[in-house]
Amino acid sequence: MTFMAEPTPQGRFGEFGGRFLPEALVPACIGLEKAFRSAGGDASFRESYATVLRDYAGRPTPVTECRRLSEQLGVRVLLKREDLTHTGSHKINNVIGQTLLARRMGKPRVIAETGAGQHGVATATACALFGLECVVYMGEVDIHRQELNVFRMKLLGAEVVPVSSGSRTLKDAINDAMRDWLASVETTYYCLGSVMGPHPYPWMVRELQRVVGEEAHAQCRAILDGADPDYVVACVGGGSNAAGTFAGFVDTGARLVGVEAAGGAAVGRGVPGVVHGSKSFLLQDEHGQVLEAHSISAGLDYPGVGPEHAHLAASGRATYESAGDQEVLDALQLLARTEGIIPALEPAHAVAWLVRAARAGTVPAGSTVLLTMSGRGDKDAEQVMSLLRPR
C-alpha cells in the first residue's frame with residue numbers, strides 16, 4: 001500500500017477526508033486546489049518558497065543528539081529542532097507557503113485560526129512580511145493562557161478576534177474563521193493551520209510541512225551511517241508537524257508514533273465522523289454532537305485529528321498514543337534539565353510518551369528515536385510557572 005501520496009480527486013485518504021462544506025465554499029476550495037497545483041508546477045514559486053524558508057525562517061533546522069537524556073532512558077534520542085525556526089515552531093513552513101499562494105491569487109486579506117498561538121504568530125509574521133491584512137480568530141480560553149502570543153500577533157499588525165462560543169478554544173476559533181471565510185471569500189484567503197479541514201487543506205499543509213521530514217531523513221542518514229531511526233515520534237493535535245515528519249519516513253522501516261493529549265486522543269477514543277469539512281476520527285456523543293477535548297496544551301486541545309492520520313492509524317502504518325498533563329510537565333522539566341532545551345507543551349507530549357515507553361521497555365533499550373521538537377517553550381513559560389508553583 002502506498003502512503004502519503006496524493007489523495008483521491010475527492011480528497012480522500014482511504015475512507016477519510018473529503019470536502020463537506022456549505023455550497024458557497026466549494027468553488028473556493030476547488031479554486032484553491034487549482035492554484036496550489038499551478039504554483040507547485042511553477043519553478044519560480046517553488047524557488048521563492050525555498051528562498052524565504054532559508055533566508056527568513058532559518059531552514060534547514062538541525063537534528064540534535066540528546067546524549068544525557070539518552071543515557072537516562074537507554075535509547076538514542078535525536079531531536080528535529082523546529083523550535084529553532086523564526087517564530088519558534090514548525091508553523092512558519094506552512095504559513096509562508098500559504099501566504100505566498102494568497103499573494104499569487106490576489107487575495108489581500110488573510111484569516112487564520114489559532115489555539116496555542118503559534119500558527120497565529122506565524123501568519124501575522126508572514127502577512128507583515130508580504131504586506132497582507134491579517135485577522136486571527138482565537139478562543140477566549142486560549143487568549144488567557146497564551147497572552148504573550150496574543151501580544152506578539154498584535155505587535156505584528158494582526159487583529160486578534162476573541163471567540164466566546166462553545167468551549168472557547170481551537171474548535172470554536174475554526175468555526176468562526178470559516179464563517180468569516182464564507183462571508184468574504186472573494187477577497188479573503190483562509191490560511192488553515194493544520195492537516196485538517198476540507199480538501200485540499202490536509203494534503204496541501206502536509207506538502208508544505210514535508211520539508212521537516214525530508215530534511216530529518218537526510219540528516220538521520222548522515223548521523224546514523226546510512227541507517228534510519230527505529231522510531232519517529234511527534235505530537236498530534238490536528239497533526240501538521242507529525243504529517244510533515246512522517247512524510248519523510250513513511251517509506252522506511254521506521255515505526256511512526258503520534259502522541260495525542262490524553263484529554264483529546266481522537267484516534268485513541270474517537271469514532272469516525274465529520275468535523276470542519278472532512279471525515280476523520282473525532283470525539284462525539286451518541287447523538288453525533290462533538291465533545292470538548294481537554295489538554296494542558298492549547299495546541300492539542302482539539303476534538304478531531306487530520307484525516308490522513310486517521311487513515312495511517314486505520315491502516316496500521318502509524319500508531320497513536322497519548323500522554324497526560326502531569327507526565328507532560330514532568331517530561332518538560334526532564335528535557336530542560338538534561339539537555340538545556342525547554343520544549344513547548346505540545347512536543348512535551350511526545351517526550352512524555354517516549355520517557356514512559358523507554359522506561360517500560362515498550363521502546364527497547366538501544367533503539368534510535370527521532371522526535372520532532374515542534375516548538376519552543378517560551379510561549380508556555382507563564383502557564384508552566386503557575387502550574388509548578390507550590391500551592
# chains A, B, ... in the order shown; residues from 1 in each chain; ligands from 1

call {"tool": "residues_around", "arguments": {"residues": "region 257-270 of chain A", "least_positions_apart": "5", "cutoff": "10 Å", "atoms": "only C-alpha atoms", "output": "PyMOL selection string"}}
result
chain A and resi 231-239+241-243+246+280-285+291-297+299-306+309-310+313-314+317-325+328+346-354+371

call {"tool": "closest_atom_pairs", "arguments": {"of": "region 8-79 of chain A", "to": "region 194-202 of chain A", "cutoff": "10 Å", "atoms": "only C-alpha atoms", "output": "Markdown table"}}
result
| residue | atom | partner | partner_atom | distance |
| --- | --- | --- | --- | --- |
| A:Thr8 | CA | A:His199 | CA | 9.9 |
| A:Pro9 | CA | A:His199 | CA | 9.3 |
| A:Gln10 | CA | A:His199 | CA | 7.6 |
| A:Gly11 | CA | A:His199 | CA | 5.1 |
| A:Arg12 | CA | A:His199 | CA | 8.1 |
| A:Phe13 | CA | A:Pro202 | CA | 9.7 |
| A:Gly17 | CA | A:His199 | CA | 7.0 |
| A:Gly18 | CA | A:His199 | CA | 5.8 |
| A:Arg19 | CA | A:Pro198 | CA | 4.5 |
| A:Phe20 | CA | A:Pro198 | CA | 6.5 |
| A:Leu21 | CA | A:Pro198 | CA | 7.3 |
| A:Leu25 | CA | A:Pro198 | CA | 9.9 |
| A:Val26 | CA | A:Pro198 | CA | 9.2 |
| A:Cys29 | CA | A:Pro200 | CA | 6.8 |
| A:Ile30 | CA | A:Pro200 | CA | 8.0 |
| A:Gly31 | CA | A:Pro200 | CA | 9.8 |
| A:Leu32 | CA | A:Pro200 | CA | 7.4 |
| A:Glu33 | CA | A:Pro200 | CA | 5.6 |
| A:Lys34 | CA | A:Pro200 | CA | 9.4 |
| A:Phe36 | CA | A:Pro200 | CA | 8.8 |

call {"tool": "residues_around", "arguments": {"residues": "Glu214 (chain A)", "least_positions_apart": "6", "cutoff": "9 Å", "atoms": "only C-alpha atoms", "output": "JSON, numbers by chain"}}
result
{"A": [244, 245, 247, 248, 249]}

call {"tool": "write_last_selection", "arguments": {"atoms": "N, CA, C and O atoms", "output": "PDB file, in the first residue's frame"}}
result
ATOM      1  N   GLY A 244       4.178  16.194   8.448  1.00  0.00           N
ATOM      2  CA  GLY A 244       5.387  16.603   7.747  1.00  0.00           C
ATOM      3  C   GLY A 244       6.563  15.706   8.058  1.00  0.00           C
ATOM      4  O   GLY A 244       7.346  15.342   7.170  1.00  0.00           O
ATOM      5  N   THR A 245       6.688  15.316   9.333  1.00  0.00           N
ATOM      6  CA  THR A 245       7.774  14.423   9.738  1.00  0.00           C
ATOM      7  C   THR A 245       7.579  13.029   9.154  1.00  0.00           C
ATOM      8  O   THR A 245       8.496  12.444   8.563  1.00  0.00           O
ATOM      9  N   ALA A 247       6.026  12.088   6.583  1.00  0.00           N
ATOM     10  CA  ALA A 247       6.173  12.050   5.123  1.00  0.00           C
ATOM     11  C   ALA A 247       7.607  11.721   4.707  1.00  0.00           C
ATOM     12  O   ALA A 247       7.830  11.134   3.649  1.00  0.00           O
ATOM     13  N   GLY A 248       8.576  12.098   5.529  1.00  0.00           N
ATOM     14  CA  GLY A 248       9.968  11.810   5.204  1.00  0.00           C
ATOM     15  C   GLY A 248      10.390  10.391   5.522  1.00  0.00           C
ATOM     16  O   GLY A 248      11.445   9.936   5.072  1.00  0.00           O
ATOM     17  N   PHE A 249       9.573   9.672   6.320  1.00  0.00           N
ATOM     18  CA  PHE A 249       9.973   8.342   6.789  1.00  0.00           C
ATOM     19  C   PHE A 249       8.965   7.247   6.480  1.00  0.00           C
ATOM     20  O   PHE A 249       9.193   6.086   6.812  1.00  0.00           O
TER      21      PHE A 249
END

call {"tool": "atom_distance", "arguments": {"atom1": "CA of Val161 (chain A)", "atom2": "CA of Gly115 (chain A)"}}
result
12.3 Å

call {"tool": "atom_distance", "arguments": {"atom1": "CA of Arg179 (chain A)", "atom2": "CA of Ala39 (chain A)"}}
result
26.7 Å

call {"tool": "select_by_dssp", "arguments": {"residues": "region 277-315 of chain A", "states": "strand (DSSP E)", "output": "list of chain:residue names"}}
result
A:Ser278, A:Lys279, A:Ser280, A:Phe281, A:Leu282

call {"tool": "closest_residue", "arguments": {"among": "A:Met178, A:Leu69, A:Val185, A:Cys191", "to": "Cys134 (chain A)", "atoms": "only C-alpha atoms"}}
result
A:Cys191

call {"tool": "closest_residue", "arguments": {"among": "A:Ala28, A:Ile96, A:Ala126, A:Leu224", "to": "Trp181 (chain A)", "atoms": "only C-alpha atoms"}}
result
A:Ala28

call {"tool": "select_by_dssp", "arguments": {"residues": "region 128-164 of chain A", "states": "helix (DSSP H, G or I)", "output": "number ranges by chain"}}
result
A: 128-130, 140-145, 147-155

call {"tool": "closest_residue", "arguments": {"among": "A:Gly157, A:Gly117, A:Gly213, A:Gly58", "to": "Gly193 (chain A)", "atoms": "only C-alpha atoms"}}
result
A:Gly117

call {"tool": "atom_distance", "arguments": {"atom1": "CA of Leu156 (chain A)", "atom2": "CA of Pro108 (chain A)"}}
result
16.4 Å

call {"tool": "residues_around", "arguments": {"residues": "Ala216 (chain A)", "least_positions_apart": "2", "cutoff": "10 Å", "atoms": "only C-alpha atoms", "output": "count of residues only"}}
result
26

call {"tool": "closest_residue", "arguments": {"among": "A:Cys66, A:Ile92, A:Leu256, A:Val274", "to": "Gln289 (chain A)", "atoms": "only C-alpha atoms"}}
result
A:Val274
